[in-house]
>>> print(open('target07.cif').read())   # mmCIF, C-alpha atoms
data_structure
#
loop_
_atom_site.group_PDB
_atom_site.id
_atom_site.type_symbol
_atom_site.label_atom_id
_atom_site.label_comp_id
_atom_site.auth_asym_id
_atom_site.auth_seq_id
_atom_site.Cartn_x
_atom_site.Cartn_y
_atom_site.Cartn_z
ATOM 1 C CA MET W 1 -12.856 -9.517 -20.899
ATOM 2 C CA SER W 2 -10.718 -12.262 -22.422
ATOM 3 C CA LYS W 3 -8.105 -10.192 -24.240
ATOM 4 C CA THR W 4 -4.685 -9.390 -22.811
ATOM 5 C CA ILE W 5 -4.803 -6.447 -20.393
ATOM 6 C CA LYS W 6 -2.266 -3.871 -21.542
ATOM 7 C CA VAL W 7 -0.696 -1.879 -18.748
ATOM 8 C CA ALA W 8 1.288 1.332 -18.360
ATOM 9 C CA LEU W 9 3.448 1.445 -15.242
ATOM 10 C CA ALA W 10 4.656 4.751 -13.796
ATOM 11 C CA GLY W 11 7.690 4.769 -11.510
ATOM 12 C CA VAL W 12 10.860 2.694 -11.817
ATOM 13 C CA GLY W 13 11.950 2.893 -8.174
ATOM 14 C CA ALA W 14 11.901 0.032 -5.668
ATOM 15 C CA PHE W 15 8.130 -0.569 -5.880
ATOM 16 C CA GLY W 16 7.862 -0.206 -9.644
ATOM 17 C CA ILE W 17 10.359 -3.067 -9.970
ATOM 18 C CA LYS W 18 8.385 -5.165 -7.455
ATOM 19 C CA HIS W 19 5.262 -4.759 -9.603
ATOM 20 C CA LEU W 20 7.138 -5.613 -12.824
ATOM 21 C CA ASP W 21 8.480 -8.785 -11.190
ATOM 22 C CA GLY W 22 5.005 -9.727 -9.923
ATOM 23 C CA ILE W 23 3.277 -9.108 -13.276
ATOM 24 C CA LYS W 24 5.725 -11.493 -15.009
ATOM 25 C CA ASN W 25 3.921 -14.323 -13.165
ATOM 26 C CA ILE W 26 0.395 -13.275 -14.216
ATOM 27 C CA ASP W 27 -1.120 -14.641 -17.446
ATOM 28 C CA GLY W 28 -3.071 -12.372 -19.760
ATOM 29 C CA VAL W 29 -1.299 -9.155 -18.713
ATOM 30 C CA GLU W 30 1.383 -7.213 -20.580
ATOM 31 C CA VAL W 31 3.227 -4.024 -19.568
ATOM 32 C CA VAL W 32 3.407 -1.985 -22.797
ATOM 33 C CA SER W 33 4.507 1.419 -21.491
ATOM 34 C CA LEU W 34 6.930 2.543 -18.787
ATOM 35 C CA ILE W 35 7.024 6.053 -17.317
ATOM 36 C CA GLY W 36 9.946 7.364 -15.269
ATOM 37 C CA ARG W 37 11.572 10.613 -14.184
ATOM 38 C CA GLU W 38 14.878 10.009 -16.011
ATOM 39 C CA PHE W 39 14.594 8.718 -19.581
ATOM 40 C CA ALA W 40 17.911 6.797 -19.682
ATOM 41 C CA LYS W 41 17.239 4.932 -16.428
ATOM 42 C CA THR W 42 13.636 4.204 -17.461
ATOM 43 C CA LYS W 43 14.785 2.885 -20.871
ATOM 44 C CA GLU W 44 17.284 0.597 -19.153
ATOM 45 C CA VAL W 45 14.513 -0.935 -17.008
ATOM 46 C CA ALA W 46 12.162 -1.139 -20.028
ATOM 47 C CA ASP W 47 14.799 -3.014 -22.056
ATOM 48 C CA LYS W 48 15.330 -5.479 -19.208
ATOM 49 C CA TYR W 49 11.581 -6.247 -19.002
ATOM 50 C CA GLY W 50 10.889 -6.086 -22.762
ATOM 51 C CA ILE W 51 8.677 -2.996 -22.617
ATOM 52 C CA GLY W 52 8.409 -1.166 -25.942
ATOM 53 C CA HIS W 53 7.199 2.327 -25.026
ATOM 54 C CA VAL W 54 9.221 4.606 -22.740
ATOM 55 C CA THR W 55 8.402 8.157 -21.653
ATOM 56 C CA THR W 56 8.937 10.711 -18.899
ATOM 57 C CA ASP W 57 5.345 12.015 -19.191
ATOM 58 C CA LEU W 58 2.311 10.048 -17.970
ATOM 59 C CA ALA W 59 0.144 11.900 -20.534
ATOM 60 C CA ASP W 60 2.054 10.158 -23.371
ATOM 61 C CA SER W 61 1.055 6.746 -21.996
ATOM 62 C CA LEU W 62 -2.550 7.799 -21.318
ATOM 63 C CA ALA W 63 -2.814 8.841 -24.975
ATOM 64 C CA LEU W 64 -2.060 5.276 -26.139
ATOM 65 C CA PRO W 65 -5.406 3.686 -27.120
ATOM 66 C CA GLU W 66 -4.118 0.166 -26.392
ATOM 67 C CA VAL W 67 -3.458 0.960 -22.697
ATOM 68 C CA ASP W 68 -6.283 -0.468 -20.559
ATOM 69 C CA ALA W 69 -4.878 0.117 -17.086
ATOM 70 C CA VAL W 70 -2.220 2.072 -15.219
ATOM 71 C CA ILE W 71 -0.230 1.206 -12.095
ATOM 72 C CA LEU W 72 1.177 4.241 -10.274
ATOM 73 C CA CYS W 73 4.368 3.738 -8.215
ATOM 74 C CA THR W 74 5.208 7.420 -8.146
ATOM 75 C CA PRO W 75 5.926 9.905 -5.312
ATOM 76 C CA THR W 76 3.126 10.270 -2.726
ATOM 77 C CA GLN W 77 2.485 13.907 -3.668
ATOM 78 C CA MET W 78 1.522 12.870 -7.235
ATOM 79 C CA HIS W 79 -0.825 9.988 -6.391
ATOM 80 C CA ALA W 80 -4.172 11.800 -6.346
ATOM 81 C CA SER W 81 -3.604 14.016 -9.406
ATOM 82 C CA GLN W 82 -2.233 11.111 -11.457
ATOM 83 C CA SER W 83 -5.092 8.799 -10.412
ATOM 84 C CA ILE W 84 -7.545 11.482 -11.514
ATOM 85 C CA ALA W 85 -5.722 11.877 -14.855
ATOM 86 C CA CYS W 86 -5.908 8.096 -15.462
ATOM 87 C CA LEU W 87 -9.632 7.945 -14.681
ATOM 88 C CA LYS W 88 -10.356 10.978 -16.886
ATOM 89 C CA ALA W 89 -8.472 9.218 -19.708
ATOM 90 C CA GLY W 90 -10.791 6.213 -19.300
ATOM 91 C CA LYS W 91 -8.162 3.888 -17.812
ATOM 92 C CA HIS W 92 -8.433 1.512 -14.864
ATOM 93 C CA VAL W 93 -5.954 2.535 -12.162
ATOM 94 C CA GLN W 94 -4.092 1.003 -9.260
ATOM 95 C CA VAL W 95 -2.215 3.565 -7.172
ATOM 96 C CA GLU W 96 0.389 2.593 -4.629
ATOM 97 C CA ILE W 97 -0.241 3.567 -1.014
ATOM 98 C CA PRO W 98 -1.184 6.253 -0.033
ATOM 99 C CA LEU W 99 -4.213 7.130 -2.154
ATOM 100 C CA ALA W 100 -3.536 10.809 -1.402
ATOM 101 C CA ASP W 101 -1.842 13.028 1.158
ATOM 102 C CA SER W 102 -5.010 14.993 1.941
ATOM 103 C CA TRP W 103 -8.628 14.106 2.707
ATOM 104 C CA LYS W 104 -9.983 16.413 -0.008
ATOM 105 C CA ASP W 105 -7.890 14.723 -2.712
ATOM 106 C CA ALA W 106 -8.760 11.210 -1.474
ATOM 107 C CA GLU W 107 -12.486 12.063 -1.633
ATOM 108 C CA GLU W 108 -12.100 13.433 -5.171
ATOM 109 C CA VAL W 109 -10.411 10.257 -6.455
ATOM 110 C CA VAL W 110 -13.243 8.123 -5.005
ATOM 111 C CA ARG W 111 -15.914 10.421 -6.479
ATOM 112 C CA LEU W 112 -14.315 10.320 -9.925
ATOM 113 C CA ALA W 113 -13.796 6.528 -9.860
ATOM 114 C CA LYS W 114 -17.525 6.061 -9.231
ATOM 115 C CA GLU W 115 -18.379 8.523 -12.001
ATOM 116 C CA ALA W 116 -15.975 6.900 -14.500
ATOM 117 C CA GLY W 117 -17.115 3.354 -13.712
ATOM 118 C CA LYS W 118 -13.529 2.124 -13.811
ATOM 119 C CA VAL W 119 -11.667 -0.219 -11.470
ATOM 120 C CA ALA W 120 -9.757 2.030 -9.067
ATOM 121 C CA MET W 121 -7.683 0.334 -6.409
ATOM 122 C CA CYS W 122 -5.127 1.419 -3.830
ATOM 123 C CA GLY W 123 -2.091 -0.693 -2.930
ATOM 124 C CA HIS W 124 -2.920 -1.555 0.672
ATOM 125 C CA THR W 125 -0.666 -4.607 0.364
ATOM 126 C CA ARG W 126 -1.234 -5.868 3.905
ATOM 127 C CA ARG W 127 -4.731 -7.023 2.880
ATOM 128 C CA PHE W 128 -3.009 -9.404 0.431
ATOM 129 C CA ASN W 129 0.105 -10.656 2.273
ATOM 130 C CA PRO W 130 -0.443 -14.404 2.977
ATOM 131 C CA SER W 131 0.366 -13.799 6.670
ATOM 132 C CA HIS W 132 -2.478 -11.290 7.107
ATOM 133 C CA GLN W 133 -4.806 -13.294 4.840
ATOM 134 C CA TRP W 134 -4.303 -16.322 7.134
ATOM 135 C CA VAL W 135 -5.357 -14.243 10.158
ATOM 136 C CA ASN W 136 -8.299 -12.789 8.188
ATOM 137 C CA LYS W 137 -9.577 -16.266 7.274
ATOM 138 C CA LYS W 138 -9.397 -17.299 10.954
ATOM 139 C CA ILE W 139 -11.383 -14.181 11.945
ATOM 140 C CA LYS W 140 -14.011 -14.809 9.240
ATOM 141 C CA ALA W 141 -14.355 -18.433 10.379
ATOM 142 C CA GLY W 142 -15.131 -17.157 13.909
ATOM 143 C CA GLU W 143 -11.987 -18.799 15.336
ATOM 144 C CA PHE W 144 -10.108 -15.622 16.334
ATOM 145 C CA ASN W 145 -11.064 -12.126 17.447
ATOM 146 C CA ILE W 146 -8.595 -9.262 17.813
ATOM 147 C CA GLN W 147 -8.278 -7.738 21.274
ATOM 148 C CA GLN W 148 -5.235 -5.630 20.397
ATOM 149 C CA MET W 149 -2.878 -5.065 17.486
ATOM 150 C CA ASP W 150 0.596 -3.901 18.428
ATOM 151 C CA VAL W 151 2.501 -2.608 15.404
ATOM 152 C CA GLN W 152 6.022 -1.255 14.895
ATOM 153 C CA THR W 153 6.956 0.486 11.627
ATOM 154 C CA TYR W 154 10.676 1.192 11.757
ATOM 155 C CA PHE W 155 13.228 2.521 9.282
ATOM 156 C CA PHE W 156 16.608 4.178 9.527
ATOM 157 C CA ARG W 157 16.076 7.069 7.134
ATOM 158 C CA ARG W 158 17.896 10.204 8.237
ATOM 159 C CA THR W 159 18.660 11.011 4.605
ATOM 160 C CA ASN W 160 16.202 10.901 1.717
ATOM 161 C CA MET W 161 16.734 7.322 0.471
ATOM 162 C CA ASN W 162 14.374 4.670 -0.907
ATOM 163 C CA ALA W 163 14.129 0.954 -0.066
ATOM 164 C CA LEU W 164 17.001 0.205 -2.470
ATOM 165 C CA GLY W 165 19.299 2.777 -0.819
ATOM 166 C CA GLN W 166 18.934 5.201 -3.762
ATOM 167 C CA ALA W 167 18.367 8.948 -3.428
ATOM 168 C CA ARG W 168 14.669 9.909 -3.487
ATOM 169 C CA SER W 169 13.192 12.808 -5.448
ATOM 170 C CA TRP W 170 10.456 13.233 -2.803
ATOM 171 C CA THR W 171 10.031 13.068 0.962
ATOM 172 C CA ASP W 172 8.410 10.092 2.664
ATOM 173 C CA HIS W 173 5.837 10.581 5.450
ATOM 174 C CA LEU W 174 5.129 8.516 8.580
ATOM 175 C CA LEU W 175 1.448 9.520 8.828
ATOM 176 C CA TRP W 176 0.147 9.651 5.251
ATOM 177 C CA HIS W 177 2.262 6.781 3.925
ATOM 178 C CA HIS W 178 3.355 4.328 6.605
ATOM 179 C CA ALA W 179 0.522 4.715 9.129
ATOM 180 C CA ALA W 180 -1.982 4.256 6.279
ATOM 181 C CA HIS W 181 -1.054 0.547 6.043
ATOM 182 C CA THR W 182 -1.873 -0.123 9.697
ATOM 183 C CA VAL W 183 -4.911 2.160 10.040
ATOM 184 C CA ASP W 184 -6.575 0.401 7.094
ATOM 185 C CA LEU W 185 -5.475 -3.104 8.141
ATOM 186 C CA PHE W 186 -6.715 -2.662 11.720
ATOM 187 C CA ALA W 187 -10.255 -1.701 10.628
ATOM 188 C CA TYR W 188 -10.217 -4.414 7.933
ATOM 189 C CA GLN W 189 -9.115 -7.204 10.289
ATOM 190 C CA ALA W 190 -11.287 -6.043 13.192
ATOM 191 C CA GLY W 191 -14.258 -5.855 10.786
ATOM 192 C CA SER W 192 -15.200 -2.681 12.611
ATOM 193 C CA SER W 193 -14.806 1.029 11.883
ATOM 194 C CA ILE W 194 -12.333 3.178 13.836
ATOM 195 C CA VAL W 195 -14.127 5.397 16.355
ATOM 196 C CA LYS W 196 -11.191 6.827 18.351
ATOM 197 C CA ALA W 197 -7.749 7.939 17.164
ATOM 198 C CA ASN W 198 -4.964 9.799 18.952
ATOM 199 C CA ALA W 199 -1.439 10.736 17.869
ATOM 200 C CA VAL W 200 1.712 12.383 19.165
ATOM 201 C CA GLN W 201 4.878 13.062 17.201
ATOM 202 C CA GLY W 202 8.525 13.796 17.905
ATOM 203 C CA PRO W 203 10.586 16.786 16.680
ATOM 204 C CA ILE W 204 10.429 17.880 13.030
ATOM 205 C CA HIS W 205 13.647 17.085 11.125
ATOM 206 C CA PRO W 206 15.468 20.360 10.253
ATOM 207 C CA THR W 207 16.085 19.500 6.571
ATOM 208 C CA LEU W 208 13.507 16.813 5.709
ATOM 209 C CA GLY W 209 10.706 18.855 7.314
ATOM 210 C CA ILE W 210 8.883 15.786 8.664
ATOM 211 C CA ALA W 211 8.397 14.157 12.061
ATOM 212 C CA MET W 212 10.871 11.291 12.456
ATOM 213 C CA ASP W 213 8.927 9.555 15.262
ATOM 214 C CA MET W 214 5.218 9.081 15.866
ATOM 215 C CA SER W 215 2.869 7.163 18.161
ATOM 216 C CA ILE W 216 -0.767 6.403 17.270
ATOM 217 C CA GLN W 217 -3.603 4.820 19.293
ATOM 218 C CA LEU W 218 -6.774 3.511 17.658
ATOM 219 C CA GLN W 219 -10.004 1.967 18.873
ATOM 220 C CA ALA W 220 -12.598 0.186 16.741
ATOM 221 C CA ALA W 221 -16.347 0.313 17.358
ATOM 222 C CA ASN W 222 -16.249 -3.322 18.567
ATOM 223 C CA GLY W 223 -13.751 -2.402 21.335
ATOM 224 C CA ALA W 224 -10.542 -3.735 19.750
ATOM 225 C CA ILE W 225 -7.520 -1.437 20.133
ATOM 226 C CA CYS W 226 -4.347 -0.801 18.153
ATOM 227 C CA THR W 227 -1.038 0.698 19.252
ATOM 228 C CA LEU W 228 1.233 1.858 16.413
ATOM 229 C CA SER W 229 4.808 3.097 16.824
ATOM 230 C CA LEU W 230 6.587 4.619 13.795
ATOM 231 C CA SER W 231 10.180 5.807 13.447
ATOM 232 C CA PHE W 232 12.710 6.865 10.828
ATOM 233 C CA ASN W 233 15.357 6.872 13.597
ATOM 234 C CA ASN W 234 15.444 3.143 14.424
ATOM 235 C CA ASP W 235 18.874 1.634 13.773
ATOM 236 C CA GLY W 236 17.808 -1.971 13.249
ATOM 237 C CA PRO W 237 15.793 -4.217 10.923
ATOM 238 C CA LEU W 238 13.668 -2.213 8.479
ATOM 239 C CA GLY W 239 9.965 -2.777 8.035
ATOM 240 C CA THR W 240 6.725 -3.337 9.912
ATOM 241 C CA TYR W 241 5.986 -6.028 12.483
ATOM 242 C CA PHE W 242 2.399 -6.780 13.459
ATOM 243 C CA ARG W 243 1.453 -8.536 16.695
ATOM 244 C CA TYR W 244 -2.141 -9.765 16.709
ATOM 245 C CA ILE W 245 -3.284 -10.375 20.283
ATOM 246 C CA GLY W 246 -6.605 -12.203 20.254
ATOM 247 C CA ASP W 247 -8.986 -14.280 22.322
ATOM 248 C CA THR W 248 -7.601 -17.625 21.098
ATOM 249 C CA GLY W 249 -3.954 -16.889 20.350
ATOM 250 C CA THR W 250 -1.210 -14.432 19.450
ATOM 251 C CA TYR W 251 0.302 -14.109 15.976
ATOM 252 C CA LEU W 252 3.287 -12.154 14.631
ATOM 253 C CA ALA W 253 3.165 -11.106 10.982
ATOM 254 C CA ARG W 254 6.346 -10.002 9.223
ATOM 255 C CA TYR W 255 5.465 -9.195 5.612
ATOM 256 C CA ASP W 256 4.515 -12.530 3.998
ATOM 257 C CA ASP W 257 5.657 -14.666 6.980
ATOM 258 C CA LEU W 258 3.660 -15.547 10.097
ATOM 259 C CA TYR W 259 4.646 -16.838 13.568
ATOM 260 C CA THR W 260 2.870 -17.718 16.794
ATOM 261 C CA GLY W 261 3.463 -15.550 19.858
ATOM 262 C CA LYS W 262 6.128 -18.100 20.826
ATOM 263 C CA GLU W 263 7.998 -17.529 17.512
ATOM 264 C CA GLU W 264 6.918 -20.847 15.929
ATOM 265 C CA GLN W 265 6.576 -20.341 12.174
ATOM 266 C CA ILE W 266 3.158 -21.013 10.629
ATOM 267 C CA ASP W 267 3.059 -22.400 7.081
ATOM 268 C CA VAL W 268 1.127 -19.892 4.964
ATOM 269 C CA SER W 269 2.332 -21.243 1.598
ATOM 270 C CA LYS W 270 -1.123 -22.655 0.740
ATOM 271 C CA VAL W 271 -3.101 -19.512 1.650
ATOM 272 C CA ASP W 272 -3.016 -18.173 -1.934
ATOM 273 C CA VAL W 273 -1.444 -18.857 -5.341
ATOM 274 C CA SER W 274 1.710 -16.917 -4.465
ATOM 275 C CA MET W 275 3.729 -15.943 -1.397
ATOM 276 C CA ASN W 276 4.305 -12.439 -2.801
ATOM 277 C CA GLY W 277 1.886 -9.789 -1.483
ATOM 278 C CA ILE W 278 2.537 -7.354 -4.360
ATOM 279 C CA GLU W 279 1.852 -10.047 -6.964
ATOM 280 C CA LEU W 280 -1.373 -11.031 -5.152
ATOM 281 C CA GLN W 281 -2.416 -7.373 -5.057
ATOM 282 C CA ASP W 282 -1.830 -7.101 -8.829
ATOM 283 C CA ARG W 283 -3.718 -10.353 -9.455
ATOM 284 C CA GLU W 284 -6.748 -8.885 -7.652
ATOM 285 C CA PHE W 285 -6.549 -5.683 -9.730
ATOM 286 C CA PHE W 286 -6.492 -7.550 -13.060
ATOM 287 C CA ALA W 287 -9.147 -10.077 -11.951
ATOM 288 C CA ALA W 288 -11.483 -7.197 -11.019
ATOM 289 C CA ILE W 289 -10.965 -5.644 -14.476
ATOM 290 C CA LYS W 290 -11.673 -8.954 -16.251
ATOM 291 C CA GLU W 291 -14.697 -9.743 -14.068
ATOM 292 C CA GLY W 292 -16.095 -6.192 -14.082
ATOM 293 C CA ARG W 293 -16.287 -5.966 -10.274
ATOM 294 C CA GLU W 294 -15.027 -3.898 -7.351
ATOM 295 C CA PRO W 295 -11.624 -5.124 -6.133
ATOM 296 C CA ASN W 296 -10.616 -5.764 -2.547
ATOM 297 C CA SER W 297 -8.811 -2.531 -1.503
ATOM 298 C CA SER W 298 -10.800 -0.376 -3.922
ATOM 299 C CA VAL W 299 -10.383 3.361 -3.380
ATOM 300 C CA ALA W 300 -13.923 3.438 -1.945
ATOM 301 C CA GLN W 301 -13.124 0.669 0.586
ATOM 302 C CA VAL W 302 -9.948 2.353 1.852
ATOM 303 C CA LEU W 303 -11.394 5.890 2.005
ATOM 304 C CA PRO W 304 -12.300 5.676 5.757
ATOM 305 C CA CYS W 305 -8.594 5.141 6.516
ATOM 306 C CA TYR W 306 -7.784 8.548 4.972
ATOM 307 C CA LYS W 307 -10.482 10.246 7.056
ATOM 308 C CA VAL W 308 -8.724 8.904 10.181
ATOM 309 C CA LEU W 309 -5.338 10.140 8.879
ATOM 310 C CA HIS W 310 -6.889 13.557 8.171
ATOM 311 C CA ASN W 311 -8.264 13.784 11.713
ATOM 312 C CA LEU W 312 -4.890 12.742 13.152
ATOM 313 C CA GLU W 313 -3.140 15.391 11.054
ATOM 314 C CA LEU W 314 -5.524 18.064 12.387
ATOM 315 C CA GLN W 315 -4.770 16.842 15.931
ATOM 316 C CA LEU W 316 -0.986 16.940 15.354
ATOM 317 C CA ASN W 317 -1.116 20.397 13.741
ATOM 318 C CA ALA W 318 -3.184 21.745 16.647
#
>>> encode(input="target07.cif", output="structure tokens")
Amino acid sequence: MSKTIKVALAGVGAFGIKHLDGIKNIDGVEVVSLIGREFAKTKEVADKYGIGHVTTDLADSLALPEVDAVILCTPTQMHASQSIACLKAGKHVQVEIPLADSWKDAEEVVRLAKEAGKVAMCGHTRRFNPSHQWVNKKIKAGEFNIQQMDVQTYFFRRTNMNALGQARSWTDHLLWHHAAHTVDLFAYQAGSSIVKANAVQGPIHPTLGIAMDMSIQLQAANGAICTLSLSFNNDGPLGTYFRYIGDTGTYLARYDDLYTGKEEQIDVSKVDVSMNGIELQDREFFAAIKEGREPNSSVAQVLPCYKVLHNLELQLNA
């Protein structure tokens, strides 16, 4: 596939903008359609990025014959149904994390992707951040083995706001959204499936209707363990911090940056062609389309993560 890949992007919130900024750096790709909840706001973003087609309905973009692929940066609750709609329309699809907020829906997306023969990928960005890629290369070279991952995912989100401080139209979720990053990354980096998973959660917020604090323990088949703490109550730096404790060292990953256990920064600028995890994720999506292959972080590859989340949800509800 040598022609320009024409893309429709749904969602003009914080992550939609991150994808638009990343795609600007990728040759042979053009965003031709932008879908958003509010037409005026969506048109404003489209004008800024030189996107010709603007709509508030994904179906309008799926009806465009020139659209090859869709990137979904929409509310969690829409991910599965919109992914299915894209695949049924014959489009390649990349859906932001999480793939779904139920096991049944996650399974259906994977089934349909196989049936449609299209590239279907989920935005498990941690697989692509240079910091985590550096650790992964060390593991694959046999120079480092994980004994424990200690992860903190912390936000201060007592009102329904997004990463840009704007009001959200949907409610975020510690288990199905934020824990998904770590559950998938742990199995991916350990190179071993998760065989044990436990969770406890704090009180349910009276208006948001979600747990604001959660603690998760995981064990992989090879014996490695993971401890994950999540909170929407933490009044401090936002984001996720990963501590890799291994047999030959300790590493701290903060998004695209990496440090030793003694806080000495490691240069990861040569790990890949960019230092931006979202851009690298998009590059993999478009490369898989052009090369007619399964991408890293395909919906099939990340499906086991959603089985673990499903089992944890059953445990919490019990």
>>> closest_residue(input="target07.cif", among="W:Ile210, W:Leu174, W:Val29, W:Val308", to="Ile289 in chain W", atoms="only C-alpha atoms")
W:Val29
>>> closest_residue(input="target07.cif", among="W:Lys262, W:Leu72, W:Pro65, W:Val119", to="Glu294 in chain W", atoms="all atoms listed in the file")
W:Val119
>>> closest_residue(input="target07.cif", among="W:Gly236, W:Gly117, W:Gly246, W:Gly191", to="Gly292 in chain W", atoms="only C-alpha atoms")
W:Gly117
>>> closest_residue(input="target07.cif", among="W:His205, W:His124, W:His178, W:Lys138", to="Asp101 in chain W", atoms="all atoms listed in the file")
W:His178
>>> resolve_selection(input="target07.cif", expression="the PyMOL selection byres ((chain W and resi 263) around 12)", output="list in words")
Arg243, Thr250, Tyr251, Leu252, Ala253, Arg254, Asp257, Leu258, Tyr259, Thr260, Gly261, Lys262, Glu264, Gln265 and Ile266 of chain W
>>> atom_distance(input="target07.cif", atom1="CA of Asn198 in chain W", atom2="CA of Ser215 in chain W")
8.3 Å
>>> residues_around(input="target07.cif", residues="Gln133 in chain W", least_positions_apart="6", cutoff="12 Å", atoms="all atoms listed in the file", output="mmCIF file with C-alpha atoms, keeping the file's coordinate frame")
data_model
loop_
_atom_site.group_PDB
_atom_site.id
_atom_site.type_symbol
_atom_site.label_atom_id
_atom_site.label_comp_id
_atom_site.auth_asym_id
_atom_site.auth_seq_id
_atom_site.Cartn_x
_atom_site.Cartn_y
_atom_site.Cartn_z
ATOM 1 C CA THR W 125 -0.666 -4.607 0.364
ATOM 2 C CA ARG W 126 -1.234 -5.868 3.905
ATOM 3 C CA ARG W 127 -4.731 -7.023 2.880
ATOM 4 C CA ILE W 139 -11.383 -14.181 11.945
ATOM 5 C CA LYS W 140 -14.011 -14.809 9.240
ATOM 6 C CA LEU W 185 -5.475 -3.104 8.141
ATOM 7 C CA TYR W 188 -10.217 -4.414 7.933
ATOM 8 C CA GLN W 189 -9.115 -7.204 10.289
ATOM 9 C CA ALA W 253 3.165 -11.106 10.982
ATOM 10 C CA TYR W 255 5.465 -9.195 5.612
ATOM 11 C CA ASP W 256 4.515 -12.530 3.998
ATOM 12 C CA ASP W 257 5.657 -14.666 6.980
ATOM 13 C CA LEU W 258 3.660 -15.547 10.097
ATOM 14 C CA VAL W 268 1.127 -19.892 4.964
ATOM 15 C CA SER W 269 2.332 -21.243 1.598
ATOM 16 C CA LYS W 270 -1.123 -22.655 0.740
ATOM 17 C CA VAL W 271 -3.101 -19.512 1.650
ATOM 18 C CA ASP W 272 -3.016 -18.173 -1.934
ATOM 19 C CA SER W 274 1.710 -16.917 -4.465
ATOM 20 C CA MET W 275 3.729 -15.943 -1.397
ATOM 21 C CA ASN W 276 4.305 -12.439 -2.801
ATOM 22 C CA GLY W 277 1.886 -9.789 -1.483
ATOM 23 C CA LEU W 280 -1.373 -11.031 -5.152
ATOM 24 C CA GLN W 281 -2.416 -7.373 -5.057
#
>>> closest_residue(input="target07.cif", among="W:His79, W:His181, W:His173, W:His132", to="Tyr244 in chain W", atoms="all atoms listed in the file")
W:His132
>>> atom_distance(input="target07.cif", atom1="CA of Ala141 in chain W", atom2="CA of Ala120 in chain W")
28.6 Å
>>> residues_around(input="target07.cif", residues="Val195 in chain W", least_positions_apart="6", cutoff="6 Å", atoms="only C-alpha atoms", output="ChimeraX atom specification")
/W:219-221
>>> closest_residue(input="target07.cif", among="W:Gln201, W:Asn317, W:Gln152, W:Gln166", to="Thr227 in chain W", atoms="all atoms listed in the file")
W:Gln152
>>> resolve_selection(input="target07.cif", expression="the PyMOL selection byres ((chain W and resi 22-24) around 10)", output="number ranges by chain")
W: 7, 16-21, 25-31, 49, 274, 276-283, 286
>>> resolve_selection(input="target07.cif", expression="the PyMOL selection byres ((chain W and resi 176) around 12)", output="MDAnalysis selection string")
chainID W and resid 76:77 79 97:103 106 171:175 177:184 210:211 214 230 305:313
>>> atom_distance(input="target07.cif", atom1="CA of Trp134 in chain W", atom2="CA of Gly239 in chain W")
19.7 Å
>>> residues_near_point(input="target07.cif", point="(3.6, -0.7, -17.4)", cutoff="6 Å", atoms="all atoms listed in the file", output="JSON, numbers by chain")
{"W": [7, 8, 9, 31, 32, 33, 34]}
